[in-house]
Amino acid sequence: MKRLKVMSIFGTRPEAIKMAPLVKRLEKEEEIESVVCVTAQHREMLDMVLQIFDIKPQYDLNLMKHGQTISDITVGVLKGLEGVLAEAKPDIVLVHGDTSTTFVGALAAFYQKIKIGHMEAGLRTDNIYSPYPEEMNRRLTTTLTNFHFAPTKGNYENLIKNGVSHDEIHIVGNTVIDALLQVVQDDYRFEEEILNQIDYKSKKVIAMTCHRRENWGKPMENIFRAVRGIVERNREVEVVFPVHMNPAIRKLAQEILGGVEGIHLLEPLEYMAFANLLNKVDIIVTDSGGIQEEAPALGKPIVVVRTETERPEAVDAGTVKVVGVEEEDIVREVEILLKDSAAYEAMANAVNPYGDGKTCDRIVDVLLNYHKNN
Ligand code: UD1
Ligand code: UDP
């Protein structure tokens with residue numbers, strides 16, 4: 001029997017982290033021929049993930065340009081994938097999440113009538129501009145998709161509301177948990193010596209990340225000023241902030257947080273180091289999507305600096321609080337966690353709404369079942 005040819009397409013750090021365990025799993029399956037195409041919408045941040053999971057893409061569009069716009073990525077991915085898909089002729093293309101690579105990867109596959117599997121399907125906010133452009137990328141990708149791999153029951157229900165047929169949706173969990181379980185170790189030592197030197201027992205350590213487009217400008221300024229104020233008022237607090245490589249974010253971070261005692265601005269950490277940092281700190285302040293899924297599994301309170309979330313599961317479970325992007329709201333909520341141990345303990349529960357680490361197995365089962373019947 002001819003093997004099923006599955007092409008995984010991804011381009012940014014979070015897609016790579018969440019697709020890596022599936023790529024490794026597909027490579028082991030005899031009935032599947034697994035090929036990887038990276039758009040390299042991100043370069044260094046993508047390569048760090050490829051290296052740690054030992055993935056060598058067969059195709060690399062090498063698209064990243066500094067200061068790229070959403071249109072640059074859209075045009076580059078669409079044109080770049082045209083030839084790759086025509087040459088490789090996969091039976092199924094897999095895309096992940098909500099980036100421009102995700103949506104345009106699905107569109108390019110549709111143009112060649114290739115079946116599409118969408119991992120992390122069915123996440124929704126009520127606002128097409130928040131997160132921007134991700135919320136629209138998700139909706140457009142849903143329209144193009146044949147196999148919807150939904151992490152949770154709530155995601156399934158969102159897809160049903162969008163008119164997706166029940167038998168095209170598979171509730172499988174999120175591969176982020178498969179990845180996380182592979183890398184977190186209690187005796188982990190960091191290559192960055194500063195992270196070994198921090199006294200995690202007597203200090204209150206906050207890990208933070210911030211990068212979303214809808215937070216660029218005033219909201220991000222508010223977030224950074226809030227964190228600076230918290231550190232200046234609470235001497236026991238240390239902040240570790242591996243800064244995203246977007247130049248606009250780096251400039252603002254340096255301006256507001258650079259040189260402040262107790263704030264460590266670092267380069268992006270490789271995934272293993274970052275996951276182990278999450279495991280050691282007390283509180284996480286972030287606007288990231290993926291971190292809202294990882295940190296609950298590690299039992300860490302997460303203060304989300306956004307106005308909404310498409311990941312309500314950990315909010316309902318009590319480990320995530322969405323606090324918005326006003327300086328005084330962020331300061332108040334973080335200081336409650338620093339000073340009120342009952343409030344802290346109430347949020348520091350390990351909950352895991354996103355799966356049991358077997359998401360990749362479930363996705364492979366769906367693909368093999370399709371192969372058997374076609
Ligand atoms: C992208 C995704 C976003 C995702 C985020 C994860 C879109 C429109 N945005 O946003 O959904 O949450 O990735 O991090 O798809 N850069 C580097 N090296 C890198 C990566 C980025 O130098 O390895 C710099 C470049 O100057 C690049 C800029 O960051 O032009 C922005 O990258 P881009 O992918 O356009 O947007 P992100 O904000 O990273
Ligand atoms: N991450 C990482 N190094 C860092 C910061 C984050 O490996 O310095 C990981 C993090 O564990 C999560 C993912 O990157 O899995 C989140 O990516 P990002 O915040 O860039 O995007 P989002 O999740 O918001 O789409």
# chains A, B, ... in the order shown; residues from 1 in each chain; ligands from 1

$ closest_atom_pairs --of "chain A" --to "ligand 2" --cutoff "9 Å" --atoms "only C-alpha atoms and all ligand atoms" --output "CSV"
residue,atom,partner,partner_atom_place_in_ligand_line,distance
A:Thr12,CA,ligand 2,20 (O),7.5
A:Arg13,CA,ligand 2,20 (O),5.7
A:Pro14,CA,ligand 2,17 (O),4.3
A:Glu15,CA,ligand 2,25 (O),7.5
A:Ala16,CA,ligand 2,13 (C),8.8
A:Ile17,CA,ligand 2,15 (O),5.9
A:Lys18,CA,ligand 2,15 (O),7.3
A:Met45,CA,ligand 2,3 (N),8.0
A:Met48,CA,ligand 2,7 (O),8.3
A:Val49,CA,ligand 2,7 (O),7.5
A:Gly97,CA,ligand 2,25 (O),8.1
A:Asp98,CA,ligand 2,25 (O),7.8
A:Thr99,CA,ligand 2,25 (O),7.6
A:Glu134,CA,ligand 2,25 (O),8.8
A:Val176,CA,ligand 2,15 (O),6.9
A:Ala179,CA,ligand 2,15 (O),8.6
A:Leu180,CA,ligand 2,15 (O),8.1
A:Met208,CA,ligand 2,5 (C),8.6
A:Thr209,CA,ligand 2,5 (C),6.5
A:Cys210,CA,ligand 2,19 (O),7.2
A:His211,CA,ligand 2,19 (O),6.9
A:Arg212,CA,ligand 2,24 (O),6.9
A:Phe241,CA,ligand 2,8 (O),7.8
A:Pro242,CA,ligand 2,8 (O),4.8
A:Val243,CA,ligand 2,8 (O),6.8
A:His244,CA,ligand 2,20 (O),7.0
A:Leu266,CA,ligand 2,8 (O),8.1
A:Glu267,CA,ligand 2,8 (O),7.0
A:Pro268,CA,ligand 2,8 (O),3.6
A:Leu269,CA,ligand 2,8 (O),3.8
A:Glu270,CA,ligand 2,7 (O),4.9
A:Tyr271,CA,ligand 2,7 (O),3.3
A:Met272,CA,ligand 2,7 (O),6.8
A:Ala273,CA,ligand 2,7 (O),7.3
A:Phe274,CA,ligand 2,3 (N),4.9
A:Ala275,CA,ligand 2,11 (O),5.3
A:Leu278,CA,ligand 2,11 (O),8.0
A:Thr286,CA,ligand 2,19 (O),8.0
A:Asp287,CA,ligand 2,24 (O),6.5
A:Ser288,CA,ligand 2,24 (O),3.3
A:Gly289,CA,ligand 2,23 (O),3.8
A:Gly290,CA,ligand 2,23 (O),3.5
A:Ile291,CA,ligand 2,12 (C),5.1
A:Gln292,CA,ligand 2,23 (O),7.9
A:Glu293,CA,ligand 2,15 (O),8.4
A:Glu294,CA,ligand 2,11 (O),6.9
A:Ala295,CA,ligand 2,11 (O),8.7

$ select_by_dssp --residues "stretch 93-250 of chain A" --states "helix (DSSP H, G or I)" --output "ChimeraX atom specification"
/A:100-111,134-144,153-161,166-168,175-183,193-197,213-215,218-233,247-250

$ residues_around --residues "stretch 259-261 of chain A" --least-positions-apart "6" --cutoff "9 Å" --atoms "only C-alpha atoms" --output "PyMOL selection string"
chain A and resi 228+231-232+238

$ residues_around --residues "A:Asn279" --least-positions-apart "4" --cutoff "12 Å" --atoms "only C-alpha atoms" --output "PDB file with all heavy atoms, in the first residue's frame"
ATOM      1  N   LEU A 180       5.922  19.736  26.423  1.00  0.00           N
ATOM      2  CA  LEU A 180       6.330  20.156  27.773  1.00  0.00           C
ATOM      3  C   LEU A 180       6.802  18.965  28.604  1.00  0.00           C
ATOM      4  O   LEU A 180       7.831  19.026  29.282  1.00  0.00           O
ATOM      5  CB  LEU A 180       5.121  20.819  28.452  1.00  0.00           C
ATOM      6  CG  LEU A 180       5.366  21.513  29.776  1.00  0.00           C
ATOM      7  CD1 LEU A 180       6.192  22.782  29.545  1.00  0.00           C
ATOM      8  CD2 LEU A 180       4.045  21.893  30.448  1.00  0.00           C
ATOM      9  N   LEU A 181       6.066  17.866  28.530  1.00  0.00           N
ATOM     10  CA  LEU A 181       6.409  16.703  29.343  1.00  0.00           C
ATOM     11  C   LEU A 181       7.768  16.127  28.958  1.00  0.00           C
ATOM     12  O   LEU A 181       8.405  15.442  29.744  1.00  0.00           O
ATOM     13  CB  LEU A 181       5.324  15.613  29.214  1.00  0.00           C
ATOM     14  CG  LEU A 181       3.937  15.999  29.730  1.00  0.00           C
ATOM     15  CD1 LEU A 181       2.950  14.863  29.548  1.00  0.00           C
ATOM     16  CD2 LEU A 181       3.990  16.434  31.199  1.00  0.00           C
ATOM     17  N   VAL A 183      10.432  17.958  28.283  1.00  0.00           N
ATOM     18  CA  VAL A 183      11.581  18.823  28.574  1.00  0.00           C
ATOM     19  C   VAL A 183      11.723  19.289  30.031  1.00  0.00           C
ATOM     20  O   VAL A 183      12.816  19.719  30.423  1.00  0.00           O
ATOM     21  CB  VAL A 183      11.608  20.076  27.650  1.00  0.00           C
ATOM     22  CG1 VAL A 183      11.738  19.680  26.194  1.00  0.00           C
ATOM     23  CG2 VAL A 183      10.412  20.960  27.857  1.00  0.00           C
ATOM     24  N   VAL A 184      10.669  19.221  30.840  1.00  0.00           N
ATOM     25  CA  VAL A 184      10.784  19.757  32.208  1.00  0.00           C
ATOM     26  C   VAL A 184      11.456  18.748  33.135  1.00  0.00           C
ATOM     27  O   VAL A 184      11.088  17.587  33.181  1.00  0.00           O
ATOM     28  CB  VAL A 184       9.388  20.163  32.754  1.00  0.00           C
ATOM     29  CG1 VAL A 184       9.444  20.483  34.231  1.00  0.00           C
ATOM     30  CG2 VAL A 184       8.872  21.386  31.997  1.00  0.00           C
ATOM     31  N   GLN A 185      12.515  19.225  33.836  1.00  0.00           N
ATOM     32  CA  GLN A 185      13.259  18.355  34.766  1.00  0.00           C
ATOM     33  C   GLN A 185      13.504  19.134  36.050  1.00  0.00           C
ATOM     34  O   GLN A 185      13.900  20.302  35.998  1.00  0.00           O
ATOM     35  CB  GLN A 185      14.646  18.019  34.183  1.00  0.00           C
ATOM     36  CG  GLN A 185      14.631  17.324  32.861  1.00  0.00           C
ATOM     37  CD  GLN A 185      15.962  17.472  32.136  1.00  0.00           C
ATOM     38  OE1 GLN A 185      16.890  18.132  32.606  1.00  0.00           O
ATOM     39  NE2 GLN A 185      16.053  16.868  30.961  1.00  0.00           N
ATOM     40  N   ASP A 186      13.320  18.504  37.199  1.00  0.00           N
ATOM     41  CA  ASP A 186      13.484  19.226  38.465  1.00  0.00           C
ATOM     42  C   ASP A 186      14.923  19.687  38.708  1.00  0.00           C
ATOM     43  O   ASP A 186      15.156  20.723  39.325  1.00  0.00           O
ATOM     44  CB  ASP A 186      12.979  18.376  39.634  1.00  0.00           C
ATOM     45  CG  ASP A 186      11.453  18.436  39.695  1.00  0.00           C
ATOM     46  OD1 ASP A 186      10.894  19.404  39.128  1.00  0.00           O
ATOM     47  OD2 ASP A 186      10.843  17.516  40.261  1.00  0.00           O
ATOM     48  N   ASP A 187      15.926  18.935  38.230  1.00  0.00           N
ATOM     49  CA  ASP A 187      17.326  19.308  38.503  1.00  0.00           C
ATOM     50  C   ASP A 187      17.956  20.047  37.317  1.00  0.00           C
ATOM     51  O   ASP A 187      19.166  20.043  37.140  1.00  0.00           O
ATOM     52  CB  ASP A 187      18.144  18.049  38.831  1.00  0.00           C
ATOM     53  CG  ASP A 187      18.053  17.039  37.695  1.00  0.00           C
ATOM     54  OD1 ASP A 187      17.260  17.279  36.744  1.00  0.00           O
ATOM     55  OD2 ASP A 187      18.779  16.031  37.734  1.00  0.00           O
ATOM     56  N   TYR A 188      17.115  20.701  36.511  1.00  0.00           N
ATOM     57  CA  TYR A 188      17.613  21.371  35.291  1.00  0.00           C
ATOM     58  C   TYR A 188      18.623  22.476  35.624  1.00  0.00           C
ATOM     59  O   TYR A 188      18.414  23.251  36.538  1.00  0.00           O
ATOM     60  CB  TYR A 188      16.433  21.972  34.518  1.00  0.00           C
ATOM     61  CG  TYR A 188      16.850  22.552  33.196  1.00  0.00           C
ATOM     62  CD1 TYR A 188      17.013  21.737  32.090  1.00  0.00           C
ATOM     63  CD2 TYR A 188      17.112  23.917  33.067  1.00  0.00           C
ATOM     64  CE1 TYR A 188      17.426  22.265  30.873  1.00  0.00           C
ATOM     65  CE2 TYR A 188      17.517  24.447  31.857  1.00  0.00           C
ATOM     66  CZ  TYR A 188      17.668  23.613  30.762  1.00  0.00           C
ATOM     67  OH  TYR A 188      18.078  24.146  29.561  1.00  0.00           O
ATOM     68  N   TYR A 200      15.723  31.311  43.869  1.00  0.00           N
ATOM     69  CA  TYR A 200      14.291  31.073  43.653  1.00  0.00           C
ATOM     70  C   TYR A 200      13.546  30.837  44.965  1.00  0.00           C
ATOM     71  O   TYR A 200      12.338  30.948  45.019  1.00  0.00           O
ATOM     72  CB  TYR A 200      14.078  29.887  42.699  1.00  0.00           C
ATOM     73  CG  TYR A 200      14.612  30.136  41.312  1.00  0.00           C
ATOM     74  CD1 TYR A 200      15.910  29.756  40.961  1.00  0.00           C
ATOM     75  CD2 TYR A 200      13.840  30.770  40.345  1.00  0.00           C
ATOM     76  CE1 TYR A 200      16.425  29.998  39.695  1.00  0.00           C
ATOM     77  CE2 TYR A 200      14.342  31.017  39.076  1.00  0.00           C
ATOM     78  CZ  TYR A 200      15.629  30.628  38.760  1.00  0.00           C
ATOM     79  OH  TYR A 200      16.135  30.883  37.502  1.00  0.00           O
ATOM     80  N   VAL A 205      10.046  35.400  42.175  1.00  0.00           N
ATOM     81  CA  VAL A 205      10.526  35.551  40.804  1.00  0.00           C
ATOM     82  C   VAL A 205       9.346  35.541  39.822  1.00  0.00           C
ATOM     83  O   VAL A 205       8.473  34.674  39.889  1.00  0.00           O
ATOM     84  CB  VAL A 205      11.541  34.438  40.446  1.00  0.00           C
ATOM     85  CG1 VAL A 205      12.126  34.694  39.054  1.00  0.00           C
ATOM     86  CG2 VAL A 205      12.645  34.369  41.492  1.00  0.00           C
ATOM     87  N   ILE A 206       9.356  36.543  38.951  1.00  0.00           N
ATOM     88  CA  ILE A 206       8.321  36.657  37.906  1.00  0.00           C
ATOM     89  C   ILE A 206       8.981  36.412  36.556  1.00  0.00           C
ATOM     90  O   ILE A 206      10.003  37.017  36.241  1.00  0.00           O
ATOM     91  CB  ILE A 206       7.684  38.070  37.902  1.00  0.00           C
ATOM     92  CG1 ILE A 206       7.007  38.366  39.250  1.00  0.00           C
ATOM     93  CG2 ILE A 206       6.699  38.223  36.749  1.00  0.00           C
ATOM     94  CD1 ILE A 206       6.438  39.779  39.367  1.00  0.00           C
ATOM     95  N   ALA A 207       8.400  35.492  35.763  1.00  0.00           N
ATOM     96  CA  ALA A 207       8.836  35.363  34.360  1.00  0.00           C
ATOM     97  C   ALA A 207       7.847  36.144  33.526  1.00  0.00           C
ATOM     98  O   ALA A 207       6.635  36.065  33.759  1.00  0.00           O
ATOM     99  CB  ALA A 207       8.825  33.897  33.932  1.00  0.00           C
ATOM    100  N   MET A 272      13.735  24.422  25.985  1.00  0.00           N
ATOM    101  CA  MET A 272      13.957  23.625  27.191  1.00  0.00           C
ATOM    102  C   MET A 272      14.258  24.543  28.378  1.00  0.00           C
ATOM    103  O   MET A 272      13.747  24.351  29.484  1.00  0.00           O
ATOM    104  CB  MET A 272      15.130  22.683  26.950  1.00  0.00           C
ATOM    105  CG  MET A 272      15.189  21.566  27.908  1.00  0.00           C
ATOM    106  SD  MET A 272      16.133  20.252  27.140  1.00  0.00           S
ATOM    107  CE  MET A 272      16.087  19.082  28.448  1.00  0.00           C
ATOM    108  N   ALA A 273      15.080  25.558  28.149  1.00  0.00           N
ATOM    109  CA  ALA A 273      15.424  26.495  29.223  1.00  0.00           C
ATOM    110  C   ALA A 273      14.177  27.274  29.646  1.00  0.00           C
ATOM    111  O   ALA A 273      13.915  27.457  30.843  1.00  0.00           O
ATOM    112  CB  ALA A 273      16.515  27.450  28.752  1.00  0.00           C
ATOM    113  N   PHE A 274      13.385  27.706  28.667  1.00  0.00           N
ATOM    114  CA  PHE A 274      12.218  28.517  29.027  1.00  0.00           C
ATOM    115  C   PHE A 274      11.194  27.695  29.818  1.00  0.00           C
ATOM    116  O   PHE A 274      10.650  28.156  30.825  1.00  0.00           O
ATOM    117  CB  PHE A 274      11.561  29.124  27.777  1.00  0.00           C
ATOM    118  CG  PHE A 274      10.490  30.095  28.146  1.00  0.00           C
ATOM    119  CD1 PHE A 274      10.815  31.356  28.639  1.00  0.00           C
ATOM    120  CD2 PHE A 274       9.155  29.752  28.061  1.00  0.00           C
ATOM    121  CE1 PHE A 274       9.825  32.254  29.026  1.00  0.00           C
ATOM    122  CE2 PHE A 274       8.155  30.639  28.442  1.00  0.00           C
ATOM    123  CZ  PHE A 274       8.499  31.897  28.923  1.00  0.00           C
ATOM    124  N   ALA A 275      10.948  26.470  29.376  1.00  0.00           N
ATOM    125  CA  ALA A 275       9.978  25.619  30.087  1.00  0.00           C
ATOM    126  C   ALA A 275      10.456  25.365  31.518  1.00  0.00           C
ATOM    127  O   ALA A 275       9.662  25.380  32.467  1.00  0.00           O
ATOM    128  CB  ALA A 275       9.801  24.307  29.333  1.00  0.00           C
ATOM    129  N   ILE A 283       5.466  33.511  39.604  1.00  0.00           N
ATOM    130  CA  ILE A 283       4.331  34.120  38.883  1.00  0.00           C
ATOM    131  C   ILE A 283       4.751  34.329  37.429  1.00  0.00           C
ATOM    132  O   ILE A 283       5.938  34.585  37.152  1.00  0.00           O
ATOM    133  CB  ILE A 283       3.982  35.503  39.498  1.00  0.00           C
ATOM    134  CG1 ILE A 283       3.540  35.348  40.962  1.00  0.00           C
ATOM    135  CG2 ILE A 283       2.894  36.222  38.693  1.00  0.00           C
ATOM    136  CD1 ILE A 283       3.427  36.673  41.716  1.00  0.00           C
ATOM    137  N   ILE A 284       3.782  34.245  36.527  1.00  0.00           N
ATOM    138  CA  ILE A 284       4.075  34.502  35.117  1.00  0.00           C
ATOM    139  C   ILE A 284       3.186  35.646  34.623  1.00  0.00           C
ATOM    140  O   ILE A 284       1.967  35.622  34.859  1.00  0.00           O
ATOM    141  CB  ILE A 284       3.841  33.221  34.292  1.00  0.00           C
ATOM    142  CG1 ILE A 284       4.882  32.163  34.718  1.00  0.00           C
ATOM    143  CG2 ILE A 284       3.948  33.489  32.804  1.00  0.00           C
ATOM    144  CD1 ILE A 284       4.414  30.764  34.615  1.00  0.00           C
ATOM    145  N   ILE A 291       1.964  30.075  26.393  1.00  0.00           N
ATOM    146  CA  ILE A 291       2.334  30.052  27.821  1.00  0.00           C
ATOM    147  C   ILE A 291       1.082  29.917  28.690  1.00  0.00           C
ATOM    148  O   ILE A 291       1.134  29.325  29.771  1.00  0.00           O
ATOM    149  CB  ILE A 291       3.179  31.296  28.172  1.00  0.00           C
ATOM    150  CG1 ILE A 291       4.487  31.235  27.360  1.00  0.00           C
ATOM    151  CG2 ILE A 291       3.483  31.367  29.667  1.00  0.00           C
ATOM    152  CD1 ILE A 291       5.320  32.486  27.395  1.00  0.00           C
ATOM    153  N   GLU A 294       0.882  26.182  28.946  1.00  0.00           N
ATOM    154  CA  GLU A 294       1.970  25.456  29.631  1.00  0.00           C
ATOM    155  C   GLU A 294       1.952  25.697  31.138  1.00  0.00           C
ATOM    156  O   GLU A 294       2.074  24.764  31.932  1.00  0.00           O
ATOM    157  CB  GLU A 294       3.329  25.921  29.073  1.00  0.00           C
ATOM    158  CG  GLU A 294       3.530  25.535  27.638  1.00  0.00           C
ATOM    159  CD  GLU A 294       4.628  26.322  26.950  1.00  0.00           C
ATOM    160  OE1 GLU A 294       4.951  27.455  27.379  1.00  0.00           O
ATOM    161  OE2 GLU A 294       5.176  25.815  25.967  1.00  0.00           O
ATOM    162  N   ALA A 295       1.831  26.990  31.503  1.00  0.00           N
ATOM    163  CA  ALA A 295       1.977  27.333  32.917  1.00  0.00           C
ATOM    164  C   ALA A 295       0.929  26.672  33.815  1.00  0.00           C
ATOM    165  O   ALA A 295       1.266  26.237  34.919  1.00  0.00           O
ATOM    166  CB  ALA A 295       1.980  28.859  33.073  1.00  0.00           C
ATOM    167  N   PRO A 296      -0.352  26.533  33.391  1.00  0.00           N
ATOM    168  CA  PRO A 296      -1.314  25.847  34.265  1.00  0.00           C
ATOM    169  C   PRO A 296      -0.883  24.415  34.576  1.00  0.00           C
ATOM    170  O   PRO A 296      -1.054  23.937  35.696  1.00  0.00           O
ATOM    171  CB  PRO A 296      -2.610  25.845  33.447  1.00  0.00           C
ATOM    172  CG  PRO A 296      -2.472  26.977  32.511  1.00  0.00           C
ATOM    173  CD  PRO A 296      -1.016  27.080  32.185  1.00  0.00           C
ATOM    174  N   ALA A 297      -0.285  23.740  33.592  1.00  0.00           N
ATOM    175  CA  ALA A 297       0.152  22.355  33.822  1.00  0.00           C
ATOM    176  C   ALA A 297       1.253  22.310  34.880  1.00  0.00           C
ATOM    177  O   ALA A 297       1.459  21.283  35.526  1.00  0.00           O
ATOM    178  CB  ALA A 297       0.642  21.738  32.513  1.00  0.00           C
ATOM    179  N   LEU A 298       1.967  23.441  35.039  1.00  0.00           N
ATOM    180  CA  LEU A 298       3.057  23.489  36.027  1.00  0.00           C
ATOM    181  C   LEU A 298       2.587  24.095  37.347  1.00  0.00           C
ATOM    182  O   LEU A 298       3.385  24.273  38.276  1.00  0.00           O
ATOM    183  CB  LEU A 298       4.230  24.305  35.460  1.00  0.00           C
ATOM    184  CG  LEU A 298       4.836  23.738  34.162  1.00  0.00           C
ATOM    185  CD1 LEU A 298       5.831  24.728  33.563  1.00  0.00           C
ATOM    186  CD2 LEU A 298       5.502  22.400  34.416  1.00  0.00           C
ATOM    187  N   GLY A 299       1.317  24.450  37.436  1.00  0.00           N
ATOM    188  CA  GLY A 299       0.757  24.961  38.697  1.00  0.00           C
ATOM    189  C   GLY A 299       1.198  26.379  39.030  1.00  0.00           C
ATOM    190  O   GLY A 299       1.328  26.740  40.200  1.00  0.00           O
ATOM    191  N   LYS A 300       1.424  27.205  38.015  1.00  0.00           N
ATOM    192  CA  LYS A 300       1.877  28.584  38.258  1.00  0.00           C
ATOM    193  C   LYS A 300       0.766  29.583  37.959  1.00  0.00           C
ATOM    194  O   LYS A 300       0.124  29.490  36.912  1.00  0.00           O
ATOM    195  CB  LYS A 300       3.068  28.905  37.342  1.00  0.00           C
ATOM    196  CG  LYS A 300       4.211  27.930  37.452  1.00  0.00           C
ATOM    197  CD  LYS A 300       4.873  28.003  38.809  1.00  0.00           C
ATOM    198  CE  LYS A 300       5.986  26.973  38.906  1.00  0.00           C
ATOM    199  NZ  LYS A 300       6.712  27.039  40.155  1.00  0.00           N
ATOM    200  N   PRO A 301       0.554  30.557  38.852  1.00  0.00           N
ATOM    201  CA  PRO A 301      -0.422  31.616  38.543  1.00  0.00           C
ATOM    202  C   PRO A 301       0.028  32.433  37.336  1.00  0.00           C
ATOM    203  O   PRO A 301       1.198  32.801  37.239  1.00  0.00           O
ATOM    204  CB  PRO A 301      -0.412  32.493  39.801  1.00  0.00           C
ATOM    205  CG  PRO A 301       0.156  31.633  40.866  1.00  0.00           C
ATOM    206  CD  PRO A 301       1.121  30.702  40.193  1.00  0.00           C
ATOM    207  N   ALA A 348      -2.418  28.771  42.445  1.00  0.00           N
ATOM    208  CA  ALA A 348      -1.260  27.918  42.120  1.00  0.00           C
ATOM    209  C   ALA A 348      -1.642  26.436  42.123  1.00  0.00           C
ATOM    210  O   ALA A 348      -1.035  25.634  42.825  1.00  0.00           O
ATOM    211  CB  ALA A 348      -0.129  28.192  43.109  1.00  0.00           C
ATOM    212  N   ALA A 350      -2.019  22.963  39.963  1.00  0.00           N
ATOM    213  CA  ALA A 350      -1.672  22.356  38.680  1.00  0.00           C
ATOM    214  C   ALA A 350      -2.954  21.822  38.044  1.00  0.00           C
ATOM    215  O   ALA A 350      -3.596  20.932  38.585  1.00  0.00           O
ATOM    216  CB  ALA A 350      -0.671  21.240  38.885  1.00  0.00           C
TER     217      ALA A 350
END

$ residues_around --residues "stretch 91-95 of chain A" --least-positions-apart "5" --cutoff "7 Å" --atoms "only C-alpha atoms" --output "list in words"
Leu4, Lys5, Val6, Met7, Ser8, Ile9, Phe10, Thr102, Gly105, Ala106, Ala109, Ile114, Lys115, Ile116, Gly117, His118 and Met119 of chain A

$ residues_around --residues "A:Ala343" --least-positions-apart "4" --cutoff "12 Å" --atoms "only C-alpha atoms" --output "PyMOL selection string"
chain A and resi 301+318-319+321+333-339+347-349

$ residues_around --residues "A:His66" --least-positions-apart "3" --cutoff "10 Å" --atoms "only C-alpha atoms" --output "number ranges by chain"
A: 42, 69, 245-247

$ write_last_selection --atoms "N, CA, C and O atoms" --output "PDB file, in the first residue's frame"
ATOM      1  N   HIS A  42       9.729  33.156  11.165  1.00  0.00           N
ATOM      2  CA  HIS A  42      10.788  33.454  12.141  1.00  0.00           C
ATOM      3  C   HIS A  42      12.050  32.748  11.677  1.00  0.00           C
ATOM      4  O   HIS A  42      11.968  31.688  11.061  1.00  0.00           O
ATOM      5  N   THR A  69       5.940  43.002   7.139  1.00  0.00           N
ATOM      6  CA  THR A  69       4.520  43.255   7.433  1.00  0.00           C
ATOM      7  C   THR A  69       3.738  41.962   7.244  1.00  0.00           C
ATOM      8  O   THR A  69       4.257  40.991   6.676  1.00  0.00           O
ATOM      9  N   MET A 245      12.292  38.794  19.546  1.00  0.00           N
ATOM     10  CA  MET A 245      13.281  39.429  18.664  1.00  0.00           C
ATOM     11  C   MET A 245      12.721  40.575  17.829  1.00  0.00           C
ATOM     12  O   MET A 245      13.475  41.231  17.102  1.00  0.00           O
ATOM     13  N   ASN A 246      11.430  40.823  17.919  1.00  0.00           N
ATOM     14  CA  ASN A 246      10.882  41.960  17.180  1.00  0.00           C
ATOM     15  C   ASN A 246      11.566  43.258  17.642  1.00  0.00           C
ATOM     16  O   ASN A 246      11.549  43.592  18.822  1.00  0.00           O
ATOM     17  N   PRO A 247      12.197  43.993  16.703  1.00  0.00           N
ATOM     18  CA  PRO A 247      12.987  45.161  17.082  1.00  0.00           C
ATOM     19  C   PRO A 247      12.185  46.224  17.841  1.00  0.00           C
ATOM     20  O   PRO A 247      12.709  46.875  18.750  1.00  0.00           O
TER      21      PRO A 247
END

$ atom_distance --atom1 "atom 27 (C, counted along the ligand's line) of ligand 1" --atom2 "atom CA of A:Met136"
20.1 Å
